[in-house]
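Pasting query-v8.tsv here (TSV, C-alpha atoms):
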```
chain	number	residue	atom	x	y	z
A	1	MET	CA	15.02	35.11	-8.54
A	2	LYS	CA	15.72	33.44	-11.87
A	3	TYR	CA	15.74	30.04	-10.14
A	4	ILE	CA	11.99	30.35	-9.63
A	5	PHE	CA	11.41	30.56	-13.33
A	6	ASP	CA	13.99	27.83	-13.98
A	7	LEU	CA	12.31	25.49	-11.55
A	8	HIS	CA	8.92	26.29	-13.03
A	9	LYS	CA	10.27	25.57	-16.50
A	10	THR	CA	11.93	22.31	-15.38
A	11	MET	CA	8.61	21.16	-13.98
A	12	LEU	CA	6.76	22.00	-17.16
A	13	ASP	CA	9.42	20.45	-19.40
A	14	ASN	CA	9.30	17.22	-17.43
A	15	HIS	CA	5.49	17.27	-17.13
A	16	LEU	CA	5.71	17.19	-13.35
A	17	ILE	CA	2.34	17.73	-11.73
A	18	LEU	CA	3.60	17.46	-8.18
A	19	VAL	CA	6.93	17.91	-6.44
A	20	TYR	CA	7.46	17.69	-2.71
A	21	GLU	CA	10.84	18.12	-1.06
A	22	GLY	CA	11.34	17.96	2.70
A	23	GLU	CA	10.47	15.85	5.67
A	24	PHE	CA	8.09	12.91	5.14
A	25	THR	CA	5.45	11.87	7.66
A	26	GLN	CA	2.09	10.11	7.50
A	27	GLU	CA	0.39	13.53	7.54
A	28	ILE	CA	2.48	14.71	4.57
A	29	THR	CA	1.74	11.40	2.81
A	30	LYS	CA	-1.99	12.01	3.16
A	31	SER	CA	-1.69	15.57	1.84
A	32	VAL	CA	0.42	14.55	-1.14
A	33	LEU	CA	-2.02	11.74	-1.95
A	34	ALA	CA	-4.98	14.11	-1.70
A	35	MET	CA	-3.33	16.59	-4.07
A	36	ALA	CA	-2.46	13.94	-6.65
A	37	GLU	CA	-5.96	12.47	-6.42
A	38	ARG	CA	-7.54	15.86	-6.93
A	39	ASN	CA	-5.35	16.44	-9.96
A	40	MET	CA	-6.33	13.09	-11.48
A	41	ASP	CA	-10.01	13.64	-10.68
A	42	SER	CA	-10.11	17.07	-12.24
A	43	SER	CA	-8.44	15.82	-15.40
A	44	GLY	CA	-10.98	12.98	-15.59
A	45	GLU	CA	-8.38	10.22	-15.36
A	46	GLU	CA	-9.64	6.67	-15.84
A	47	SER	CA	-10.42	4.95	-12.53
A	48	THR	CA	-8.15	1.93	-13.12
A	49	THR	CA	-5.17	4.18	-13.83
A	50	LYS	CA	-6.06	6.37	-10.85
A	51	ARG	CA	-6.13	3.41	-8.50
A	52	LYS	CA	-2.79	2.08	-9.73
A	53	VAL	CA	-1.12	5.48	-9.41
A	54	PHE	CA	-2.57	5.89	-5.91
A	55	ASN	CA	-1.33	2.43	-4.97
A	56	VAL	CA	2.23	2.98	-6.16
A	57	MET	CA	2.31	6.44	-4.54
A	58	VAL	CA	1.28	5.04	-1.14
A	59	GLU	CA	3.96	2.35	-1.10
A	60	CYS	CA	6.59	4.78	-2.31
A	61	LEU	CA	5.68	7.49	0.23
A	62	GLN	CA	5.33	5.10	3.17
A	63	ASN	CA	8.71	3.57	2.31
A	64	ILE	CA	10.28	6.99	2.65
A	65	VAL	CA	8.45	7.67	5.93
A	66	LYS	CA	9.60	4.34	7.36
A	67	HIS	CA	13.22	4.93	6.45
A	68	ALA	CA	13.31	8.63	7.25
A	69	ASP	CA	15.58	8.12	10.25
A	70	ASP	CA	18.01	5.75	8.57
A	71	VAL	CA	20.58	8.49	7.97
A	72	LYS	CA	21.32	10.80	10.89
A	73	ASN	CA	20.87	14.53	10.32
A	74	ASN	CA	19.59	14.01	6.81
A	75	HIS	CA	15.85	13.42	6.69
A	76	SER	CA	15.13	15.37	3.56
A	77	ALA	CA	13.71	13.42	0.65
A	78	ILE	CA	12.01	14.21	-2.64
A	79	PHE	CA	8.86	12.85	-4.25
A	80	MET	CA	7.55	13.70	-7.71
A	81	VAL	CA	4.70	12.72	-9.97
A	82	GLY	CA	4.93	13.28	-13.69
A	83	LYS	CA	2.08	12.97	-16.12
A	84	GLN	CA	2.99	12.31	-19.71
A	85	GLU	CA	0.80	11.54	-22.64
A	86	ASN	CA	1.00	7.76	-22.20
A	87	GLU	CA	2.09	7.24	-18.64
A	88	TYR	CA	2.41	8.50	-15.11
A	89	ILE	CA	5.88	8.58	-13.59
A	90	ILE	CA	6.36	8.30	-9.84
A	91	VAL	CA	9.82	9.23	-8.66
A	92	SER	CA	11.33	9.35	-5.21
A	93	GLY	CA	14.75	10.06	-3.78
A	94	ASN	CA	15.82	9.60	-0.19
A	95	PRO	CA	19.03	9.25	1.79
A	96	ILE	CA	19.90	5.74	2.96
A	97	GLN	CA	22.83	4.11	4.73
A	98	LYS	CA	25.44	3.09	2.22
A	99	ASP	CA	25.53	-0.43	3.61
A	100	SER	CA	21.89	-0.94	2.50
A	101	VAL	CA	22.82	-0.48	-1.16
A	102	ASP	CA	23.76	-4.11	-1.86
A	103	ASP	CA	20.65	-5.49	-0.21
A	104	LEU	CA	18.36	-3.06	-2.06
A	105	THR	CA	20.09	-3.78	-5.37
A	106	GLU	CA	19.65	-7.49	-4.89
A	107	ARG	CA	15.96	-7.18	-3.95
A	108	LEU	CA	15.12	-4.81	-6.80
A	109	ASP	CA	17.03	-6.85	-9.41
A	110	HIS	CA	15.23	-9.98	-8.24
A	111	ILE	CA	11.83	-8.27	-8.50
A	112	ASN	CA	12.70	-6.88	-11.94
A	113	SER	CA	13.68	-10.35	-13.16
A	114	LEU	CA	10.21	-11.77	-12.44
A	115	ASP	CA	7.17	-11.86	-14.69
A	116	LYS	CA	3.57	-11.35	-13.56
A	117	ASP	CA	3.17	-14.85	-12.08
A	118	GLY	CA	6.63	-14.74	-10.52
A	119	LEU	CA	5.73	-11.51	-8.74
A	120	LYS	CA	2.44	-12.98	-7.57
A	121	ASN	CA	4.24	-15.99	-6.11
A	122	LEU	CA	6.87	-13.82	-4.44
A	123	TYR	CA	4.09	-11.68	-2.92
A	124	LYS	CA	2.30	-14.73	-1.52
A	125	ASP	CA	5.53	-16.19	-0.26
A	126	ILE	CA	6.48	-13.00	1.62
A	127	ILE	CA	3.00	-12.37	3.06
A	128	LYS	CA	2.84	-15.93	4.43
A	129	ASN	CA	6.28	-16.01	5.93
A	130	THR	CA	7.18	-12.57	7.27
A	131	GLU	CA	6.25	-10.64	10.34
A	132	ILE	CA	5.68	-6.89	10.34
A	133	SER	CA	9.05	-5.23	11.02
A	134	ASP	CA	9.61	-2.78	13.85
A	135	LYS	CA	9.39	-0.08	11.20
A	136	GLY	CA	5.89	-1.29	10.33
A	137	GLY	CA	6.80	-2.70	6.94
A	138	ALA	CA	5.76	-6.05	5.58
A	139	GLY	CA	8.62	-6.23	3.03
A	140	LEU	CA	6.02	-6.18	0.26
A	141	GLY	CA	6.23	-2.58	-0.91
A	142	PHE	CA	8.54	-2.98	-3.91
A	143	VAL	CA	6.83	-6.19	-5.04
A	144	ASP	CA	3.47	-4.44	-4.92
A	145	MET	CA	4.81	-1.40	-6.80
A	146	ALA	CA	6.14	-3.67	-9.55
A	147	ARG	CA	2.87	-5.59	-9.74
A	148	LYS	CA	0.56	-2.60	-9.80
A	149	SER	CA	2.69	-0.54	-12.17
A	150	GLY	CA	3.23	-3.46	-14.52
A	151	ASN	CA	6.75	-2.19	-15.20
A	152	PRO	CA	10.24	-2.78	-13.79
A	153	LEU	CA	11.37	-0.47	-11.00
A	154	GLU	CA	14.21	1.73	-12.25
A	155	TYR	CA	16.71	2.78	-9.61
A	156	GLU	CA	20.03	4.44	-9.06
A	157	PHE	CA	22.21	5.21	-6.06
A	158	VAL	CA	24.08	8.51	-5.87
A	159	GLU	CA	26.86	8.68	-3.31
A	160	ILE	CA	26.34	11.46	-0.74
A	161	ASP	CA	29.37	10.80	1.48
A	162	GLY	CA	31.34	7.92	2.97
A	163	THR	CA	28.38	6.49	4.87
A	164	SER	CA	25.26	7.49	2.95
A	165	SER	CA	23.78	7.32	-0.52
A	166	PHE	CA	20.78	8.88	-2.22
A	167	PHE	CA	18.35	6.22	-3.40
A	168	CYS	CA	16.46	7.23	-6.55
A	169	LEU	CA	13.49	5.13	-7.60
A	170	ARG	CA	11.26	5.51	-10.63
A	171	SER	CA	8.04	3.65	-11.50
A	172	SER	CA	5.88	4.19	-14.52
A	173	ILE	CA	2.23	3.38	-14.98
A	174	ALA	CA	0.61	3.28	-18.39
A	175	ARG	CA	-2.43	5.52	-18.77
A	176	GLY	CA	-5.61	3.58	-19.52
B	1	MET	CA	-20.37	-9.11	23.69
B	2	GLU	CA	-19.22	-5.55	23.14
B	3	ILE	CA	-19.57	-4.00	19.71
B	4	LEU	CA	-16.40	-2.78	18.01
B	5	ASN	CA	-17.30	0.24	15.95
B	6	LEU	CA	-14.63	2.43	14.34
B	7	GLU	CA	-15.46	5.31	12.04
B	8	GLY	CA	-13.53	5.31	8.78
B	9	THR	CA	-10.98	8.05	8.10
B	10	GLU	CA	-8.96	8.99	5.02
B	11	ASP	CA	-6.32	6.39	5.97
B	12	THR	CA	-8.19	3.86	8.11
B	13	PRO	CA	-11.20	1.69	7.29
B	14	LYS	CA	-14.62	1.69	8.88
B	15	ILE	CA	-15.01	-1.34	11.10
B	16	ILE	CA	-18.15	-2.82	12.63
B	17	LEU	CA	-18.01	-6.06	14.59
B	18	ASP	CA	-21.41	-6.69	16.13
B	19	LYS	CA	-22.20	-10.23	17.24
B	20	GLY	CA	-25.75	-9.40	18.38
B	21	ASN	CA	-26.81	-8.09	14.98
B	22	GLY	CA	-24.56	-10.46	13.04
B	23	ILE	CA	-22.64	-7.64	11.35
B	24	PHE	CA	-18.95	-8.13	10.69
B	25	GLU	CA	-17.54	-5.61	8.24
B	26	ILE	CA	-14.31	-3.87	7.27
B	27	SER	CA	-14.74	-1.26	4.54
B	28	GLY	CA	-13.06	1.73	2.96
B	29	ARG	CA	-9.37	2.58	2.80
B	30	SER	CA	-6.64	1.03	4.85
B	31	LEU	CA	-3.24	2.68	4.87
B	32	PRO	CA	-2.58	3.48	8.53
B	33	GLU	CA	0.88	4.51	9.65
B	34	ASP	CA	1.02	1.53	12.01
B	35	SER	CA	-1.13	-1.26	10.66
B	36	ALA	CA	-0.25	-3.74	13.42
B	37	GLU	CA	-1.42	-1.30	16.09
B	38	PHE	CA	-4.54	-0.40	14.13
B	39	TYR	CA	-5.70	-4.00	13.62
B	40	GLN	CA	-4.87	-5.22	17.14
B	41	PRO	CA	-8.38	-4.42	18.53
B	42	VAL	CA	-9.89	-6.34	15.59
B	43	LEU	CA	-7.72	-9.39	16.30
B	44	ASP	CA	-8.52	-9.14	20.02
B	45	TRP	CA	-12.24	-8.91	19.28
B	46	ILE	CA	-12.14	-11.98	17.02
B	47	SER	CA	-10.26	-14.05	19.57
B	48	ALA	CA	-12.91	-13.17	22.19
B	49	TYR	CA	-15.68	-13.94	19.68
B	50	ALA	CA	-14.10	-17.34	18.97
B	51	ASN	CA	-15.11	-18.45	22.48
B	52	ASP	CA	-18.78	-17.78	21.85
B	53	THR	CA	-19.62	-17.62	18.16
B	54	ASN	CA	-22.86	-17.26	16.22
B	55	PRO	CA	-23.93	-20.36	14.23
B	56	SER	CA	-22.73	-18.59	11.08
B	57	THR	CA	-20.46	-15.61	10.50
B	58	GLU	CA	-20.58	-13.64	7.27
B	59	PHE	CA	-17.51	-11.48	7.38
B	60	VAL	CA	-17.57	-8.65	4.86
B	61	PHE	CA	-14.50	-7.02	3.32
B	62	LYS	CA	-15.48	-4.06	1.19
B	63	LEU	CA	-12.19	-2.32	0.68
B	64	GLU	CA	-11.51	0.40	-1.79
B	65	TYR	CA	-7.78	0.31	-1.18
B	66	PHE	CA	-5.30	-1.23	1.24
B	67	ASN	CA	-1.52	-0.87	1.48
B	68	THR	CA	0.91	-3.78	1.78
B	69	ALA	CA	1.33	-3.44	5.55
B	70	SER	CA	-2.46	-3.74	5.88
B	71	SER	CA	-2.50	-6.78	3.59
B	72	LYS	CA	-0.32	-8.63	6.09
B	73	LEU	CA	-2.78	-7.76	8.87
B	74	ILE	CA	-5.80	-8.69	6.73
B	75	LEU	CA	-4.19	-12.11	6.36
B	76	ASP	CA	-3.85	-12.24	10.16
B	77	VAL	CA	-7.57	-11.39	10.50
B	78	LEU	CA	-8.45	-14.13	7.99
B	79	SER	CA	-6.22	-16.62	9.78
B	80	ALA	CA	-8.00	-15.82	13.06
B	81	LEU	CA	-11.36	-16.39	11.33
B	82	GLU	CA	-10.15	-19.72	9.98
B	83	ASP	CA	-10.71	-21.27	13.41
B	84	ILE	CA	-14.32	-20.13	13.59
B	85	ASP	CA	-16.77	-22.68	12.20
B	86	GLY	CA	-19.44	-21.39	9.84
B	87	THR	CA	-17.43	-18.43	8.62
B	88	THR	CA	-17.83	-17.15	5.07
B	89	ILE	CA	-15.83	-14.24	3.67
B	90	MET	CA	-17.83	-11.87	1.50
B	91	TRP	CA	-15.19	-10.15	-0.63
B	92	TYR	CA	-16.55	-7.05	-2.35
B	93	PHE	CA	-14.72	-5.25	-5.12
B	94	HIS	CA	-15.65	-2.42	-7.42
B	95	GLU	CA	-16.77	-3.90	-10.73
B	96	ASP	CA	-13.82	-2.47	-12.66
B	97	ASP	CA	-11.22	-3.12	-9.95
B	98	GLU	CA	-9.40	-6.23	-11.12
B	99	ASP	CA	-6.58	-5.72	-8.64
B	100	MET	CA	-8.99	-5.88	-5.69
B	101	GLU	CA	-10.65	-8.96	-7.16
B	102	GLU	CA	-7.25	-10.62	-7.58
B	103	ALA	CA	-6.23	-9.63	-4.04
B	104	GLY	CA	-9.33	-11.44	-2.74
B	105	GLU	CA	-8.52	-14.51	-4.82
B	106	GLU	CA	-5.00	-14.57	-3.43
B	107	PHE	CA	-6.23	-14.35	0.15
B	108	SER	CA	-8.69	-17.16	-0.56
B	109	GLU	CA	-5.75	-19.34	-1.65
B	110	LEU	CA	-3.89	-18.59	1.58
B	111	VAL	CA	-6.60	-19.56	4.08
B	112	GLU	CA	-9.12	-22.35	4.32
B	113	ILE	CA	-12.36	-20.38	4.46
B	114	PRO	CA	-15.04	-20.17	1.77
B	115	PHE	CA	-14.99	-16.86	-0.11
B	116	GLU	CA	-17.87	-15.32	-1.99
B	117	PHE	CA	-17.02	-12.59	-4.47
B	118	LYS	CA	-19.37	-9.72	-5.08
B	119	THR	CA	-19.13	-6.51	-7.03
B	120	TYR	CA	-20.48	-3.12	-6.01
```
With the file now loaded, output its structure as structure tokens.
Amino acid sequence: MKYIFDLHKTMLDNHLILVYEGEFTQEITKSVLAMAERNMDSSGEESTTKRKVFNVMVECLQNIVKHADDVKNNHSAIFMVGKQENEYIIVSGNPIQKDSVDDLTERLDHINSLDKDGLKNLYKDIIKNTEISDKGGAGLGFVDMARKSGNPLEYEFVEIDGTSSFFCLRSSIARG
Amino acid sequence: MEILNLEGTEDTPKIILDKGNGIFEISGRSLPEDSAEFYQPVLDWISAYANDTNPSTEFVFKLEYFNTASSKLILDVLSALEDIDGTTIMWYFHEDDEDMEEAGEEFSELVEIPFEFKTY
């Protein structure tokens, strides 16, 4: 049972206040949000910071829900929130089709290359010109995460097998 | 005309569209799983209202939070209101919520309707 202690210690060492691993649905999203909100409320977090963290969490979680069926027989994803002295860290990892890697890389690099006004213009451009996809997305999630967090979106792809990769995404939000 | 009245939940906003009493309001949190489906009754109601409008329409948005999928649908709602003469958007934001204020400003740049900004 040593792994219990190890996991506990890993969480403490990395200042993780919330870790969820498993299937992601709208119901799970609401529960995870409620837990994180309660944690921030009880620690008296500043309302601006709280709103930004909530915002980034929603986009991150709903992204995972929307793409949960992208890889057959592998719906298990991970979501974590870390609270450090100066910032909140929101991390997710989910399986995706390997052939989405190039497209995601291109979109994320483009977003990360833009400043505040560039992101604002990209947001307005997308909202004017795109329709809601059959997955219910507006294609605005990453742009919004970058805008609200005020920081680049760090990412990495870990190969799972010949057809799928694990998409790791990390946002950080300065504490007020 | 029938009143559209939806109670707010933890992931959907409260909505009142009441022509008789001149109340048009969307408030609370908007992060539904399927935003297009959720806002369809609102868009349907507005297109019916467009055939027989009040002399003026003060449409209130008092949102605490909305996700990006909802923002697309909010723009659709605003675009539908664009065709209704005498419409004013009352955009409420919490006094320390700059992001919500900015979101309202961005919407106001995307449609041709007068916006009034108010804090709560």
Using only C-alpha atoms, determine which residues of chain A fall within 8 Å of chain B; present them as a PyMOL selection string. chain A and resi 26+30+48+55+58-59+62+124+127-128+132+136-138+140-141+144+148
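One finds CA of Val111 (chain B) at 13.3 Å from CA of Asp125 (chain A).
Relative to CA of Thr10 (chain A), CA of Val81 (chain A) is found at 13.2 Å.
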Would you mind listing what lies within 7 Å of Glu87 (chain A) as JSON, numbers by chain, with all atoms listed in the file counted and same-chain residues fewer than 2 positions away left out? {"A": [83, 84, 85, 89, 172, 173, 174, 175]}
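When CA of Lys72 (chain A) is paired with CA of Cys168 (chain A), their separation reads 18.5 Å.
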Taking (-8.8, -24.9, 5.0) as a centre in this file's frame and 12 Å as the limit, can you find every polymer residue with an atom that close, using only C-alpha atoms, and give them as an mmCIF file with C-alpha atoms, keeping the file's coordinate frame?
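Result file is part_35.cif:
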```
data_model
loop_
_atom_site.group_PDB
_atom_site.id
_atom_site.type_symbol
_atom_site.label_atom_id
_atom_site.label_comp_id
_atom_site.auth_asym_id
_atom_site.auth_seq_id
_atom_site.Cartn_x
_atom_site.Cartn_y
_atom_site.Cartn_z
ATOM 1 C CA LEU B 78 -8.450 -14.130 7.990
ATOM 2 C CA SER B 79 -6.220 -16.620 9.780
ATOM 3 C CA LEU B 81 -11.360 -16.390 11.330
ATOM 4 C CA GLU B 82 -10.150 -19.720 9.980
ATOM 5 C CA ASP B 83 -10.710 -21.270 13.410
ATOM 6 C CA ILE B 84 -14.320 -20.130 13.590
ATOM 7 C CA ASP B 85 -16.770 -22.680 12.200
ATOM 8 C CA THR B 87 -17.430 -18.430 8.620
ATOM 9 C CA THR B 88 -17.830 -17.150 5.070
ATOM 10 C CA PHE B 107 -6.230 -14.350 0.150
ATOM 11 C CA SER B 108 -8.690 -17.160 -0.560
ATOM 12 C CA GLU B 109 -5.750 -19.340 -1.650
ATOM 13 C CA LEU B 110 -3.890 -18.590 1.580
ATOM 14 C CA VAL B 111 -6.600 -19.560 4.080
ATOM 15 C CA GLU B 112 -9.120 -22.350 4.320
ATOM 16 C CA ILE B 113 -12.360 -20.380 4.460
ATOM 17 C CA PRO B 114 -15.040 -20.170 1.770
ATOM 18 C CA PHE B 115 -14.990 -16.860 -0.110
#
```
Determine, counting only C-alpha atoms, which protein, DNA and RNA residues have an atom within 10 Å of an atom of region 99-110 of chain A; residues of the same chain fewer than 4 positions away are not included. Present the result as a PyMOL selection string. chain A and resi 70+114+119+122+142-143+146+152-157+163-167
Output requested as an mmCIF file, keeping the file's coordinate frame - region 64-86 of chain B, filled out with N, CA and C atoms.
```cif
data_model
loop_
_atom_site.group_PDB
_atom_site.id
_atom_site.type_symbol
_atom_site.label_atom_id
_atom_site.label_comp_id
_atom_site.auth_asym_id
_atom_site.auth_seq_id
_atom_site.Cartn_x
_atom_site.Cartn_y
_atom_site.Cartn_z
ATOM 1 N N GLU B 64 -11.762 -0.384 -0.586
ATOM 2 C CA GLU B 64 -11.510 0.400 -1.790
ATOM 3 C C GLU B 64 -10.014 0.355 -2.087
ATOM 4 N N TYR B 65 -9.236 0.350 -1.020
ATOM 5 C CA TYR B 65 -7.780 0.310 -1.180
ATOM 6 C C TYR B 65 -7.143 -0.153 0.132
ATOM 7 N N PHE B 66 -6.102 -0.971 0.035
ATOM 8 C CA PHE B 66 -5.300 -1.230 1.240
ATOM 9 C C PHE B 66 -3.813 -1.291 0.858
ATOM 10 N N ASN B 67 -2.958 -0.852 1.761
ATOM 11 C CA ASN B 67 -1.520 -0.870 1.480
ATOM 12 C C ASN B 67 -0.946 -2.242 1.861
ATOM 13 N N THR B 68 0.339 -2.446 1.570
ATOM 14 C CA THR B 68 0.910 -3.780 1.780
ATOM 15 C C THR B 68 1.014 -4.144 3.262
ATOM 16 N N ALA B 69 1.271 -3.134 4.117
ATOM 17 C CA ALA B 69 1.330 -3.440 5.550
ATOM 18 C C ALA B 69 -0.046 -3.904 6.035
ATOM 19 N N SER B 70 -1.110 -3.306 5.509
ATOM 20 C CA SER B 70 -2.460 -3.740 5.880
ATOM 21 C C SER B 70 -2.749 -5.136 5.340
ATOM 22 N N SER B 71 -2.198 -5.473 4.171
ATOM 23 C CA SER B 71 -2.500 -6.780 3.590
ATOM 24 C C SER B 71 -1.994 -7.896 4.510
ATOM 25 N N LYS B 72 -0.855 -7.647 5.134
ATOM 26 C CA LYS B 72 -0.320 -8.630 6.090
ATOM 27 C C LYS B 72 -1.298 -8.811 7.261
ATOM 28 N N LEU B 73 -1.851 -7.689 7.737
ATOM 29 C CA LEU B 73 -2.780 -7.760 8.870
ATOM 30 C C LEU B 73 -4.139 -8.334 8.466
ATOM 31 N N ILE B 74 -4.555 -8.091 7.220
ATOM 32 C CA ILE B 74 -5.800 -8.690 6.730
ATOM 33 C C ILE B 74 -5.637 -10.208 6.717
ATOM 34 N N LEU B 75 -4.452 -10.660 6.322
ATOM 35 C CA LEU B 75 -4.190 -12.110 6.360
ATOM 36 C C LEU B 75 -4.253 -12.633 7.804
ATOM 37 N N ASP B 76 -3.751 -11.846 8.752
ATOM 38 C CA ASP B 76 -3.850 -12.240 10.160
ATOM 39 C C ASP B 76 -5.312 -12.336 10.614
ATOM 40 N N VAL B 77 -6.132 -11.374 10.169
ATOM 41 C CA VAL B 77 -7.570 -11.390 10.500
ATOM 42 C C VAL B 77 -8.202 -12.654 9.909
ATOM 43 N N LEU B 78 -7.889 -12.936 8.647
ATOM 44 C CA LEU B 78 -8.450 -14.130 7.990
ATOM 45 C C LEU B 78 -7.994 -15.404 8.698
ATOM 46 N N SER B 79 -6.733 -15.438 9.087
ATOM 47 C CA SER B 79 -6.220 -16.620 9.780
ATOM 48 C C SER B 79 -6.942 -16.831 11.106
ATOM 49 N N ALA B 80 -7.258 -15.719 11.793
ATOM 50 C CA ALA B 80 -8.000 -15.820 13.060
ATOM 51 C C ALA B 80 -9.412 -16.349 12.798
ATOM 52 N N LEU B 81 -10.001 -15.953 11.667
ATOM 53 C CA LEU B 81 -11.360 -16.390 11.330
ATOM 54 C C LEU B 81 -11.406 -17.853 10.889
ATOM 55 N N GLU B 82 -10.252 -18.340 10.455
ATOM 56 C CA GLU B 82 -10.150 -19.720 9.980
ATOM 57 C C GLU B 82 -10.602 -20.717 11.048
ATOM 58 N N ASP B 83 -10.380 -20.364 12.303
ATOM 59 C CA ASP B 83 -10.710 -21.270 13.410
ATOM 60 C C ASP B 83 -12.176 -21.198 13.820
ATOM 61 N N ILE B 84 -12.920 -20.296 13.177
ATOM 62 C CA ILE B 84 -14.320 -20.130 13.590
ATOM 63 C C ILE B 84 -15.232 -20.850 12.597
ATOM 64 N N ASP B 85 -15.902 -21.892 13.079
ATOM 65 C CA ASP B 85 -16.770 -22.680 12.200
ATOM 66 C C ASP B 85 -17.916 -21.833 11.662
ATOM 67 N N GLY B 86 -18.293 -22.096 10.432
ATOM 68 C CA GLY B 86 -19.440 -21.390 9.840
ATOM 69 C C GLY B 86 -19.091 -20.015 9.318
#
```
